[in-house]
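Asker: Got a structure for you, final.pdb, holding PDB, C-alpha atoms.
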```
ATOM      1  CA  MET V   3      25.650  -0.624  17.841
ATOM      2  CA  TYR V   4      22.206   0.336  19.094
ATOM      3  CA  ASN V   5      20.461  -0.819  22.260
ATOM      4  CA  ILE V   6      16.911  -1.896  21.413
ATOM      5  CA  LEU V   7      14.224  -2.723  23.968
ATOM      6  CA  VAL V   8      11.601  -5.221  22.783
ATOM      7  CA  THR V   9       8.529  -5.695  24.982
ATOM      8  CA  GLY V  10       6.250  -8.705  25.223
ATOM      9  CA  ILE V  11       8.919 -11.150  24.064
ATOM     10  CA  GLY V  12       6.822 -14.145  25.076
ATOM     11  CA  SER V  13       4.387 -13.312  22.282
ATOM     12  CA  ILE V  14       4.661 -14.421  18.670
ATOM     13  CA  ILE V  15       5.022 -10.749  17.757
ATOM     14  CA  GLY V  16       7.778 -10.200  20.326
ATOM     15  CA  TYR V  17      10.048 -12.960  19.154
ATOM     16  CA  GLY V  18       9.184 -12.085  15.573
ATOM     17  CA  ILE V  19      10.637  -8.624  16.206
ATOM     18  CA  ILE V  20      13.763 -10.193  17.702
ATOM     19  CA  ASP V  21      14.133 -12.372  14.605
ATOM     20  CA  GLY V  22      13.950  -9.303  12.357
ATOM     21  CA  LEU V  23      16.534  -7.439  14.435
ATOM     22  CA  LYS V  24      18.937 -10.371  14.333
ATOM     23  CA  LYS V  25      18.630 -10.602  10.550
ATOM     24  CA  SER V  26      19.170  -6.865  10.075
ATOM     25  CA  SER V  27      22.338  -5.406   8.612
ATOM     26  CA  ILE V  28      22.183  -2.823  11.415
ATOM     27  CA  LYS V  29      23.806  -4.301  14.507
ATOM     28  CA  SER V  30      21.998  -3.996  17.802
ATOM     29  CA  THR V  31      21.995  -5.284  21.361
ATOM     30  CA  ILE V  32      18.546  -6.658  22.150
ATOM     31  CA  ILE V  33      17.056  -6.209  25.606
ATOM     32  CA  GLY V  34      13.812  -8.116  26.095
ATOM     33  CA  ILE V  35      11.121  -7.811  28.739
ATOM     34  CA  ASP V  36       8.099  -9.918  29.536
ATOM     35  CA  ILE V  37       5.911 -10.407  32.590
ATOM     36  CA  TYR V  38       6.716 -14.132  32.526
ATOM     37  CA  GLU V  39      10.111 -15.274  33.790
ATOM     38  CA  ASP V  40      10.129 -18.228  31.374
ATOM     39  CA  ALA V  41       9.055 -16.349  28.231
ATOM     40  CA  TYR V  42      10.619 -18.014  25.201
ATOM     41  CA  GLY V  43      11.974 -14.737  23.854
ATOM     42  CA  ARG V  44      14.376 -14.443  26.795
ATOM     43  CA  PHE V  45      16.528 -17.145  25.222
ATOM     44  CA  LEU V  46      16.817 -15.096  22.031
ATOM     45  CA  CYS V  47      17.801 -11.764  23.594
ATOM     46  CA  ASP V  48      21.173 -10.469  24.692
ATOM     47  CA  HIS V  49      19.661  -9.385  28.016
ATOM     48  CA  PHE V  50      16.348 -10.200  29.701
ATOM     49  CA  GLU V  51      14.416  -8.478  32.472
ATOM     50  CA  GLN V  52      11.173  -9.754  33.927
ATOM     51  CA  GLY V  53       8.692  -6.931  33.606
ATOM     52  CA  VAL V  54       5.427  -5.724  35.088
ATOM     53  CA  LYS V  55       2.021  -5.586  33.447
ATOM     54  CA  ALA V  56       1.300  -2.598  31.243
ATOM     55  CA  SER V  57      -1.701  -1.845  33.458
ATOM     56  CA  SER V  58       0.505  -1.560  36.554
ATOM     57  CA  GLU V  59       0.978   1.866  38.114
ATOM     58  CA  ASN V  60       4.715   1.064  38.194
ATOM     59  CA  TYR V  61       4.939   0.288  34.465
ATOM     60  CA  ILE V  62       6.396   3.607  33.268
ATOM     61  CA  ASP V  63       8.859   3.760  36.157
ATOM     62  CA  PHE V  64       9.979   0.231  35.270
ATOM     63  CA  ILE V  65      10.426   1.148  31.589
ATOM     64  CA  ASN V  66      12.455   4.237  32.453
ATOM     65  CA  HIS V  67      14.612   2.138  34.796
ATOM     66  CA  ILE V  68      15.388  -0.235  31.908
ATOM     67  CA  ILE V  69      16.100   2.732  29.620
ATOM     68  CA  VAL V  70      18.723   4.067  32.024
ATOM     69  CA  LYS V  71      20.204   0.667  32.913
ATOM     70  CA  TYR V  72      20.770  -0.391  29.305
ATOM     71  CA  LYS V  73      20.996   3.036  27.626
ATOM     72  CA  ILE V  74      18.071   2.195  25.357
ATOM     73  CA  ASP V  75      18.008   3.948  21.981
ATOM     74  CA  LEU V  76      14.610   2.706  20.777
ATOM     75  CA  ILE V  77      11.636   0.746  22.139
ATOM     76  CA  LEU V  78       9.783  -1.674  19.866
ATOM     77  CA  PRO V  79       6.479  -2.644  21.534
ATOM     78  CA  GLY V  80       5.659  -6.314  20.979
ATOM     79  CA  ILE V  81       2.105  -6.399  22.324
ATOM     80  CA  GLU V  82      -0.901  -4.120  22.071
ATOM     81  CA  GLN V  83      -1.100  -3.475  25.818
ATOM     82  CA  ASP V  84       2.462  -2.159  25.934
ATOM     83  CA  LEU V  85       1.975  -0.046  22.822
ATOM     84  CA  TYR V  86      -0.952   1.888  24.280
ATOM     85  CA  ALA V  87       0.488   2.154  27.784
ATOM     86  CA  LEU V  88       3.611   3.722  26.280
ATOM     87  CA  TRP V  89       1.631   5.950  23.929
ATOM     88  CA  ASN V  90      -0.648   7.205  26.728
ATOM     89  CA  ASN V  91       2.470   8.158  28.689
ATOM     90  CA  LYS V  92       4.666   9.194  25.776
ATOM     91  CA  ASN V  93       5.741  12.454  27.412
ATOM     92  CA  SER V  94       7.176  10.487  30.348
ATOM     93  CA  ILE V  95       9.238   8.012  28.313
ATOM     94  CA  ASN V  96      12.915   8.952  28.253
ATOM     95  CA  THR V  97      13.812   7.542  24.831
ATOM     96  CA  LYS V  98      12.361   6.996  21.359
ATOM     97  CA  VAL V  99       9.446   4.624  20.811
ATOM     98  CA  ALA V 100       8.368   3.239  17.435
ATOM     99  CA  PHE V 101       4.957   4.927  17.469
ATOM    100  CA  ASN V 102       2.750   5.421  14.461
ATOM    101  CA  ASN V 103       0.841   8.690  14.152
ATOM    102  CA  GLU V 104      -1.922   9.706  16.540
ATOM    103  CA  LEU V 105      -4.745   9.216  14.044
ATOM    104  CA  CYS V 106      -3.749   5.593  13.381
ATOM    105  CA  LEU V 107      -3.394   4.846  17.082
ATOM    106  CA  GLN V 108      -6.762   6.384  17.921
ATOM    107  CA  LEU V 109      -8.719   4.714  15.129
ATOM    108  CA  ALA V 110      -7.249   1.274  15.810
ATOM    109  CA  GLN V 111      -8.894   1.303  19.244
ATOM    110  CA  ASP V 112     -12.378   1.937  17.900
ATOM    111  CA  LYS V 113     -13.961  -0.005  15.027
ATOM    112  CA  LEU V 114     -16.946   2.332  14.863
ATOM    113  CA  ALA V 115     -14.715   5.411  14.632
ATOM    114  CA  THR V 116     -12.678   3.618  11.960
ATOM    115  CA  TYR V 117     -15.830   2.904   9.960
ATOM    116  CA  ASN V 118     -17.099   6.474  10.212
ATOM    117  CA  PHE V 119     -13.700   7.958   9.340
ATOM    118  CA  PHE V 120     -13.238   5.917   6.177
ATOM    119  CA  LEU V 121     -16.895   6.356   5.217
ATOM    120  CA  ASP V 122     -16.271  10.099   5.153
ATOM    121  CA  HIS V 123     -13.277   9.491   2.868
ATOM    122  CA  LYS V 124     -15.202   7.359   0.357
ATOM    123  CA  ILE V 125     -13.339   4.105   1.121
ATOM    124  CA  ASP V 126     -15.277   0.891   0.344
ATOM    125  CA  LEU V 127     -16.359  -0.650   3.651
ATOM    126  CA  ILE V 128     -18.245  -3.652   4.956
ATOM    127  CA  PRO V 129     -21.911  -2.695   5.499
ATOM    128  CA  THR V 130     -22.064  -1.863   9.225
ATOM    129  CA  LEU V 131     -24.731  -0.986  11.806
ATOM    130  CA  ASN V 132     -24.574   0.127  15.428
ATOM    131  CA  ASN V 133     -27.170   0.711  18.131
ATOM    132  CA  CYS V 134     -29.893  -1.126  16.243
ATOM    133  CA  SER V 135     -32.238  -4.131  16.529
ATOM    134  CA  PHE V 136     -31.849  -7.732  15.425
ATOM    135  CA  ALA V 137     -34.537  -7.094  12.784
ATOM    136  CA  ASP V 138     -32.537  -4.146  11.418
ATOM    137  CA  CYS V 139     -29.458  -6.344  11.013
ATOM    138  CA  LYS V 140     -31.381  -9.253   9.543
ATOM    139  CA  ASN V 141     -33.003  -6.999   6.965
ATOM    140  CA  ALA V 142     -29.715  -5.312   6.075
ATOM    141  CA  PHE V 143     -27.335  -8.300   6.112
ATOM    142  CA  GLY V 144     -29.389 -11.490   6.053
ATOM    143  CA  LEU V 145     -28.380 -14.397   8.300
ATOM    144  CA  PRO V 146     -25.903 -15.043   9.718
ATOM    145  CA  PHE V 147     -24.073 -11.772  10.364
ATOM    146  CA  LEU V 148     -21.179 -10.718  12.604
ATOM    147  CA  LEU V 149     -21.084  -8.959  15.957
ATOM    148  CA  LYS V 150     -17.749  -7.321  16.821
ATOM    149  CA  PRO V 151     -16.629  -5.458  19.964
ATOM    150  CA  ILE V 152     -15.892  -1.834  19.155
ATOM    151  CA  SER V 153     -12.500  -2.255  20.805
ATOM    152  CA  SER V 154     -10.666  -5.541  20.165
ATOM    153  CA  TYR V 155      -7.787  -7.029  18.187
ATOM    154  CA  ALA V 156      -6.682 -10.364  16.668
ATOM    155  CA  SER V 157     -10.295 -11.327  15.908
ATOM    156  CA  LYS V 158     -11.066 -11.495  19.644
ATOM    157  CA  GLY V 159     -14.708 -11.302  20.690
ATOM    158  CA  ILE V 160     -16.197 -11.702  17.214
ATOM    159  CA  GLU V 161     -19.451 -13.681  17.216
ATOM    160  CA  ILE V 162     -21.503 -15.155  14.364
ATOM    161  CA  ILE V 163     -25.134 -14.250  14.975
ATOM    162  CA  ASN V 164     -27.893 -16.588  13.776
ATOM    163  CA  THR V 165     -30.737 -15.845  16.191
ATOM    164  CA  GLU V 166     -32.294 -12.973  18.111
ATOM    165  CA  GLY V 167     -31.343 -14.718  21.352
ATOM    166  CA  GLU V 168     -27.674 -14.709  20.380
ATOM    167  CA  PHE V 169     -27.957 -11.081  19.300
ATOM    168  CA  ASN V 170     -29.427 -10.017  22.641
ATOM    169  CA  PHE V 171     -27.016 -12.078  24.753
ATOM    170  CA  PHE V 172     -23.794 -10.850  23.150
ATOM    171  CA  THR V 173     -25.022  -7.263  22.764
ATOM    172  CA  GLN V 174     -25.930  -7.109  26.456
ATOM    173  CA  ARG V 175     -22.659  -8.746  27.470
ATOM    174  CA  LEU V 176     -20.775  -5.964  25.646
ATOM    175  CA  LYS V 177     -23.184  -3.330  27.018
ATOM    176  CA  GLY V 178     -23.952  -2.261  23.459
ATOM    177  CA  LYS V 179     -20.294  -1.441  22.718
ATOM    178  CA  CYS V 180     -20.335  -3.390  19.479
ATOM    179  CA  ILE V 181     -20.999  -3.158  15.768
ATOM    180  CA  TYR V 182     -22.801  -5.520  13.399
ATOM    181  CA  GLN V 183     -21.559  -6.373   9.916
ATOM    182  CA  ARG V 184     -22.429  -8.391   6.865
ATOM    183  CA  ILE V 185     -20.160 -11.386   6.312
ATOM    184  CA  VAL V 186     -18.082 -10.675   3.229
ATOM    185  CA  GLY V 187     -15.850 -13.093   1.361
ATOM    186  CA  THR V 188     -14.508 -16.208   3.064
ATOM    187  CA  MET V 189     -11.553 -17.250   5.205
ATOM    188  CA  ASP V 190      -9.802 -18.122   1.943
ATOM    189  CA  THR V 191     -10.088 -14.547   0.686
ATOM    190  CA  GLU V 192      -8.573 -12.872   3.731
ATOM    191  CA  PHE V 193      -5.354 -10.887   3.411
ATOM    192  CA  THR V 194      -2.945  -9.136   5.744
ATOM    193  CA  ILE V 195      -1.005  -6.240   4.270
ATOM    194  CA  GLY V 196       2.063  -4.732   5.857
ATOM    195  CA  ILE V 197       3.072  -1.227   4.874
ATOM    196  CA  PHE V 198       5.780   1.053   6.239
ATOM    197  CA  GLY V 199       4.472   4.588   6.027
ATOM    198  CA  ASP V 200       6.522   7.697   5.407
ATOM    199  CA  GLY V 201       4.210  10.007   7.372
ATOM    200  CA  GLN V 202       3.203  11.898   4.218
ATOM    201  CA  GLY V 203       0.542   9.552   2.832
ATOM    202  CA  ASN V 204       2.888   7.211   0.946
ATOM    203  CA  PHE V 205       4.849   4.145   2.001
ATOM    204  CA  TYR V 206       8.390   2.896   1.511
ATOM    205  CA  ASP V 207       7.503  -0.753   1.105
ATOM    206  CA  HIS V 208       4.599  -3.180   1.367
ATOM    207  CA  ILE V 209       3.826  -6.875   1.471
ATOM    208  CA  ILE V 210       0.545  -8.685   0.782
ATOM    209  CA  LEU V 211      -0.057 -12.090   2.327
ATOM    210  CA  GLN V 212      -3.042 -14.311   1.764
ATOM    211  CA  ARG V 213      -3.447 -15.895   5.156
ATOM    212  CA  LYS V 214      -5.092 -18.497   7.313
ATOM    213  CA  LEU V 215      -5.595 -17.777  10.994
ATOM    214  CA  SER V 216      -4.854 -19.961  13.994
ATOM    215  CA  GLY V 217      -7.364 -20.300  16.824
ATOM    216  CA  GLU V 218      -5.505 -17.512  18.673
ATOM    217  CA  GLY V 219      -6.061 -15.061  15.828
ATOM    218  CA  ALA V 220      -2.476 -15.091  14.521
ATOM    219  CA  THR V 221      -1.417 -16.009  10.992
ATOM    220  CA  SER V 222      -0.655 -19.755  10.780
ATOM    221  CA  LYS V 223      -0.150 -20.095   7.012
ATOM    222  CA  ALA V 224       0.644 -17.425   4.460
ATOM    223  CA  THR V 225       1.223 -17.038   0.741
ATOM    224  CA  LEU V 226       2.962 -14.025  -0.762
ATOM    225  CA  VAL V 227       0.750 -12.531  -3.472
ATOM    226  CA  GLU V 228       0.724  -9.603  -5.834
ATOM    227  CA  ASP V 229      -2.698  -8.043  -6.183
ATOM    228  CA  ALA V 230      -3.208  -4.712  -7.946
ATOM    229  CA  ILE V 231      -6.739  -4.276  -6.558
ATOM    230  CA  ILE V 232      -5.618  -4.728  -2.961
ATOM    231  CA  LEU V 233      -2.586  -2.500  -3.491
ATOM    232  CA  SER V 234      -4.793   0.257  -4.895
ATOM    233  CA  TYR V 235      -7.116  -0.083  -1.893
ATOM    234  CA  VAL V 236      -4.367   0.186   0.746
ATOM    235  CA  THR V 237      -2.784   3.064  -1.178
ATOM    236  CA  ALA V 238      -6.066   4.966  -0.826
ATOM    237  CA  ILE V 239      -6.182   4.160   2.892
ATOM    238  CA  CYS V 240      -2.618   5.369   3.416
ATOM    239  CA  SER V 241      -3.267   8.582   1.532
ATOM    240  CA  VAL V 242      -5.770   9.647   4.211
ATOM    241  CA  LEU V 243      -4.173   8.025   7.304
ATOM    242  CA  LYS V 244      -0.606   9.158   6.527
ATOM    243  CA  PRO V 245       0.926   6.403   8.682
ATOM    244  CA  SER V 246       4.496   6.754   9.915
ATOM    245  CA  GLY V 247       6.131   3.405  10.497
ATOM    246  CA  PRO V 248       4.620  -0.100  10.533
ATOM    247  CA  LEU V 249       0.900  -0.443   9.819
ATOM    248  CA  ASN V 250      -1.100  -3.629   9.280
ATOM    249  CA  ILE V 251      -4.236  -3.552   7.181
ATOM    250  CA  GLN V 252      -6.533  -6.588   7.277
ATOM    251  CA  VAL V 253      -8.947  -7.018   4.385
ATOM    252  CA  ARG V 254     -11.212  -9.510   2.657
ATOM    253  CA  LYS V 255     -12.027  -9.749  -1.015
ATOM    254  CA  GLU V 256     -15.443 -10.504  -2.442
ATOM    255  CA  GLU V 257     -15.311 -10.984  -6.198
ATOM    256  CA  ASN V 258     -13.195  -7.988  -7.297
ATOM    257  CA  LYS V 259     -14.043  -5.751  -4.347
ATOM    258  CA  VAL V 260     -11.876  -5.207  -1.266
ATOM    259  CA  PHE V 261     -13.317  -4.572   2.203
ATOM    260  CA  LEU V 262     -11.485  -3.354   5.292
ATOM    261  CA  LEU V 263     -11.552  -5.553   8.396
ATOM    262  CA  GLU V 264      -9.274  -3.504  10.653
ATOM    263  CA  ILE V 265      -6.072  -1.498  10.935
ATOM    264  CA  ASN V 266      -3.319  -2.101  13.487
ATOM    265  CA  PRO V 267      -0.542   0.514  13.864
ATOM    266  CA  ARG V 268       2.051  -1.929  15.179
ATOM    267  CA  PHE V 269       4.081  -4.996  14.332
ATOM    268  CA  SER V 270       2.049  -7.934  13.081
ATOM    269  CA  SER V 271       1.817 -11.506  14.327
ATOM    270  CA  SER V 272       3.144 -12.331  10.853
ATOM    271  CA  CYS V 273       6.317 -10.266  11.502
ATOM    272  CA  SER V 274       8.670 -13.271  11.325
ATOM    273  CA  ILE V 275       6.879 -14.600   8.222
ATOM    274  CA  ARG V 276       7.376 -11.262   6.514
ATOM    275  CA  THR V 277      11.061 -11.187   7.462
ATOM    276  CA  LEU V 278      11.484 -14.688   6.048
ATOM    277  CA  LEU V 279      10.047 -13.394   2.760
ATOM    278  CA  GLY V 280      12.316 -10.350   2.705
ATOM    279  CA  TYR V 281      10.122  -7.675   4.319
ATOM    280  CA  ASN V 282      11.908  -6.790   7.583
ATOM    281  CA  ASP V 283       9.955  -4.057   9.344
ATOM    282  CA  PRO V 284      12.023  -4.169  12.598
ATOM    283  CA  GLU V 285      15.031  -3.232  10.444
ATOM    284  CA  MET V 286      12.965  -0.510   8.745
ATOM    285  CA  CYS V 287      12.169   0.877  12.206
ATOM    286  CA  LEU V 288      15.889   1.167  12.961
ATOM    287  CA  LYS V 289      16.394   3.081   9.720
ATOM    288  CA  TYR V 290      13.321   5.265  10.166
ATOM    289  CA  PHE V 291      13.554   6.121  13.874
ATOM    290  CA  LEU V 292      17.329   5.967  14.464
ATOM    291  CA  THR V 293      19.723   6.085  11.518
ATOM    292  CA  ASN V 294      17.719   8.104   8.957
ATOM    293  CA  GLU V 295      18.854   5.682   6.256
ATOM    294  CA  THR V 296      16.895   5.525   3.032
ATOM    295  CA  ILE V 297      14.332   2.704   3.063
ATOM    296  CA  LEU V 298      14.063   0.970  -0.295
ATOM    297  CA  PRO V 299      11.545  -1.712  -1.338
ATOM    298  CA  ALA V 300      12.958  -5.138  -0.534
ATOM    299  CA  LYS V 301      13.271  -7.988  -2.985
ATOM    300  CA  LYS V 302      10.780 -10.529  -1.704
ATOM    301  CA  GLY V 303      11.004 -14.291  -1.975
ATOM    302  CA  LYS V 304       7.954 -15.860  -3.594
ATOM    303  CA  GLY V 305       6.336 -18.829  -1.945
ATOM    304  CA  LYS V 306       4.327 -20.059   1.017
ATOM    305  CA  VAL V 307       5.100 -20.176   4.713
ATOM    306  CA  VAL V 308       3.646 -22.529   7.324
ATOM    307  CA  ARG V 309       4.131 -22.161  11.068
ATOM    308  CA  TYR V 310       4.811 -25.106  13.327
ATOM    309  CA  ILE V 311       5.196 -25.765  17.046
ATOM    310  CA  ALA V 312       8.709 -26.384  18.356
ATOM    311  CA  ASP V 313      10.153 -26.970  21.817
ATOM    312  CA  TYR V 314      13.005 -25.357  23.740
ATOM    313  CA  PHE V 315      14.750 -27.150  26.620
ATOM    314  CA  TYR V 316      16.457 -25.171  29.358
ATOM    315  CA  GLU V 317      17.616 -25.666  32.920
TER     316      GLU V 317
END
```
Translate the structure described by the file into structure tokens.
Answerer:
Amino acid sequence: MYNILVTGIGSIIGYGIIDGLKKSSIKSTIIGIDIYEDAYGRFLCDHFEQGVKASSENYIDFINHIIVKYKIDLILPGIEQDLYALWNNKNSINTKVAFNNELCLQLAQDKLATYNFFLDHKIDLIPTLNNCSFADCKNAFGLPFLLKPISSYASKGIEIINTEGEFNFFTQRLKGKCIYQRIVGTMDTEFTIGIFGDGQGNFYDHIILQRKLSGEGATSKATLVEDAIILSYVTAICSVLKPSGPLNIQVRKEENKVFLLEINPRFSSSCSIRTLLGYNDPEMCLKYFLTNETILPAKKGKGKVVRYIADYFYE
């Protein structure tokens, strides 16, 4: 029996991780933390502790207190803020954390660095500009085109630019820390791919979902697909990134070409959807970071998944 700490259990990722752990053949005691006392995930855990924000100067001390109190064997970060706070203080954390490799973690924070890195490795990319004029973008991409913050996640801060006024307003608001891209494909040709890397440039398992996003940027509907073109594309990405552990790759297709949207070296908002279809990356983390068990490709259930809102009553 392992003691697993899951952070951010009020998030869709957090309680998705809990779901995967509960459905795992490896038994664990789940300790959950969240900054909100009434986070839904608390009702799913074996133990709950109200936490502090990842930006707090007391965050690492709080985490180490939980590690000692519950004899934590592994931490599974459920939100981006926790992931990077833990990674930035990794030498002060007194247990294992499900981190990906340093390259993946660095690139995921910077869309421009991601673009330049993969450009050097001959990966097909969305045409991208930075530090340029509205006229440059209009000539290169036509109208409309996209403006994206260099550092963001879950589609946050993306703007569709139609006019020079919009271009100037959003560029100035971000103090120039943005990139501009041609719009490729459509919402109907957007895919999220989960892979579990072996740290050597290959991966133990993968899952490809054609998805629709909610207004919050999380997957709301998903269809399991098999796509040789997408699989070849993510295989090329993994060969240069060499991810170790869970990695999400977001792409769009345009005709028979695949284009990278972003990489996220963490659990996905579609974690529970993937588990429902047979791809349980929380369980793979237990095998990879704790038990050293062989990870074999899972048999996946074909079909579609739709998310819905439910209610939980408590006193």
Asker: Taking the file above as input, evaluate the PyMOL selection byres ((chain V and resi 166) around 10) and report the hits as a PDB file with C-alpha atoms, in the coordinates of the input.
Answerer:
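Result file is selection-v6.pdb:
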```pdb
ATOM      1  CA  SER V 135     -32.238  -4.131  16.529  1.00  0.00           C
ATOM      2  CA  PHE V 136     -31.849  -7.732  15.425  1.00  0.00           C
ATOM      3  CA  ALA V 137     -34.537  -7.094  12.784  1.00  0.00           C
ATOM      4  CA  LYS V 140     -31.381  -9.253   9.543  1.00  0.00           C
ATOM      5  CA  ILE V 163     -25.134 -14.250  14.975  1.00  0.00           C
ATOM      6  CA  ASN V 164     -27.893 -16.588  13.776  1.00  0.00           C
ATOM      7  CA  THR V 165     -30.737 -15.845  16.191  1.00  0.00           C
ATOM      8  CA  GLY V 167     -31.343 -14.718  21.352  1.00  0.00           C
ATOM      9  CA  GLU V 168     -27.674 -14.709  20.380  1.00  0.00           C
ATOM     10  CA  PHE V 169     -27.957 -11.081  19.300  1.00  0.00           C
ATOM     11  CA  ASN V 170     -29.427 -10.017  22.641  1.00  0.00           C
ATOM     12  CA  PHE V 171     -27.016 -12.078  24.753  1.00  0.00           C
TER      13      PHE V 171
END
```
Asker: For the provided coordinates, the residues matched by the PyMOL selection byres ((chain V and resi 38) around 9) should be stated as a list in words.
Answerer: Gly12, Ile35, Asp36, Ile37, Glu39, Asp40, Ala41, Gln52, Gly53 and Val54 of chain V
Asker: Using only C-alpha atoms, can you tell me which of V:Asn266, V:Thr31, V:Asn90, V:Asn258 comes closest to V:Lys113?
Answerer: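 Ranking V:Asn266, V:Thr31, V:Asn90, V:Asn258 by distance to V:Lys113, first place goes to V:Asn266.
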Asker: For stretch 205-302 of chain V versus stretch 308-312 of chain V, which residues have an atom no more than 12 Å away, and what is each residue's nearest atom pair and distance in Å rounded to one decimal, using only C-alpha atoms, chain-then-number order, as a tab-separated table?
Answerer:
```
residue	atom	partner	partner_atom	distance
V:Gln212	CA	V:Val308	CA	12.0
V:Arg213	CA	V:Val308	CA	10.0
V:Lys214	CA	V:Val308	CA	9.6
V:Leu215	CA	V:Arg309	CA	10.7
V:Ser216	CA	V:Arg309	CA	9.7
V:Ala220	CA	V:Arg309	CA	10.3
V:Thr221	CA	V:Arg309	CA	8.3
V:Ser222	CA	V:Arg309	CA	5.4
V:Lys223	CA	V:Val308	CA	4.5
V:Ala224	CA	V:Val308	CA	6.6
V:Thr225	CA	V:Val308	CA	8.9
V:Leu226	CA	V:Val308	CA	11.8
V:Ser271	CA	V:Arg309	CA	11.4
V:Ser272	CA	V:Arg309	CA	9.9
V:Ser274	CA	V:Arg309	CA	10.0
V:Ile275	CA	V:Arg309	CA	8.5
V:Arg276	CA	V:Val308	CA	11.9
V:Leu278	CA	V:Val308	CA	11.2
```
Asker: Given the choices V:Ser57, V:Thr116, V:Asn103, V:Asn294, which gets closest to V:Arg268 if the distance is worked out from all atoms listed in the file?
Answerer: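 Using all atoms listed in the file, the shortest distance to V:Arg268 belongs to V:Asn103.
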Asker: With all atoms listed in the file as the atoms that count, which of V:Tyr314, V:Thr277, V:Thr237, V:Ile297 lies nearest to V:Ile125?
Answerer: V:Thr237
Asker: On this file, the PyMOL selection byres ((chain V and resi 6) around 12) gives some set of residues; write that set as a PyMOL selection string.
Answerer: chain V and resi 3-5+7-9+19-20+23-24+28-35+47-50+68-69+72-79+97-100+284-285+287-288+291-292
Asker: Using only C-alpha atoms, please write the residues we just selected to a file, as a tab-separated table (two decimals), in the frame of the given file.
Answerer:
```tsv
chain	number	residue	atom	x	y	z
V	3	MET	CA	25.65	-0.62	17.84
V	4	TYR	CA	22.21	0.34	19.09
V	5	ASN	CA	20.46	-0.82	22.26
V	7	LEU	CA	14.22	-2.72	23.97
V	8	VAL	CA	11.60	-5.22	22.78
V	9	THR	CA	8.53	-5.70	24.98
V	19	ILE	CA	10.64	-8.62	16.21
V	20	ILE	CA	13.76	-10.19	17.70
V	23	LEU	CA	16.53	-7.44	14.44
V	24	LYS	CA	18.94	-10.37	14.33
V	28	ILE	CA	22.18	-2.82	11.42
V	29	LYS	CA	23.81	-4.30	14.51
V	30	SER	CA	22.00	-4.00	17.80
V	31	THR	CA	22.00	-5.28	21.36
V	32	ILE	CA	18.55	-6.66	22.15
V	33	ILE	CA	17.06	-6.21	25.61
V	34	GLY	CA	13.81	-8.12	26.10
V	35	ILE	CA	11.12	-7.81	28.74
V	47	CYS	CA	17.80	-11.76	23.59
V	48	ASP	CA	21.17	-10.47	24.69
V	49	HIS	CA	19.66	-9.38	28.02
V	50	PHE	CA	16.35	-10.20	29.70
V	68	ILE	CA	15.39	-0.24	31.91
V	69	ILE	CA	16.10	2.73	29.62
V	72	TYR	CA	20.77	-0.39	29.30
V	73	LYS	CA	21.00	3.04	27.63
V	74	ILE	CA	18.07	2.19	25.36
V	75	ASP	CA	18.01	3.95	21.98
V	76	LEU	CA	14.61	2.71	20.78
V	77	ILE	CA	11.64	0.75	22.14
V	78	LEU	CA	9.78	-1.67	19.87
V	79	PRO	CA	6.48	-2.64	21.53
V	97	THR	CA	13.81	7.54	24.83
V	98	LYS	CA	12.36	7.00	21.36
V	99	VAL	CA	9.45	4.62	20.81
V	100	ALA	CA	8.37	3.24	17.43
V	284	PRO	CA	12.02	-4.17	12.60
V	285	GLU	CA	15.03	-3.23	10.44
V	287	CYS	CA	12.17	0.88	12.21
V	288	LEU	CA	15.89	1.17	12.96
V	291	PHE	CA	13.55	6.12	13.87
V	292	LEU	CA	17.33	5.97	14.46
```
Asker: With distances taken over only C-alpha atoms, which residue among V:Ser154, V:Ser234, V:Thr130, V:Thr188 lies nearest V:Asp112?
Answerer: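 That would be V:Ser154, the residue with the smallest distance to V:Asp112.
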Asker: Rounded to one decimal in Å, what is the spacing between atom CA of V:Phe45 and atom CA of V:Lys71?
Answerer: 19.7 Å
Asker: Could you work out how far atom CA of V:Pro129 lies from atom CA of V:Tyr235, giving the answer in Å with one decimal?
Answerer: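 Calculated distance between atom CA of V:Tyr235 and atom CA of V:Pro129 is 16.7 Å.
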Asker: Residues at most 10 Å from V:Lys301, counting only C-alpha atoms, excluding those fewer than 3 positions away in the same chain, as a ChimeraX atom specification?
Answerer: /V:279-281,298,304
Asker: Tell me, as a ChimeraX atom specification, which residues lie within 10 Å of V:Glu257, counting all atoms listed in the file; anything in the same chain fewer than 5 positions away does not count.
Answerer: /V:186-187,191
Asker: With all atoms listed in the file as the basis for distance, which of V:Leu121, V:Ile239, V:Ile185, V:Ile210 is at the shortest distance from V:Gly144?
Answerer: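 When distances to V:Gly144 are compared using all atoms listed in the file, the smallest one comes from V:Ile185.
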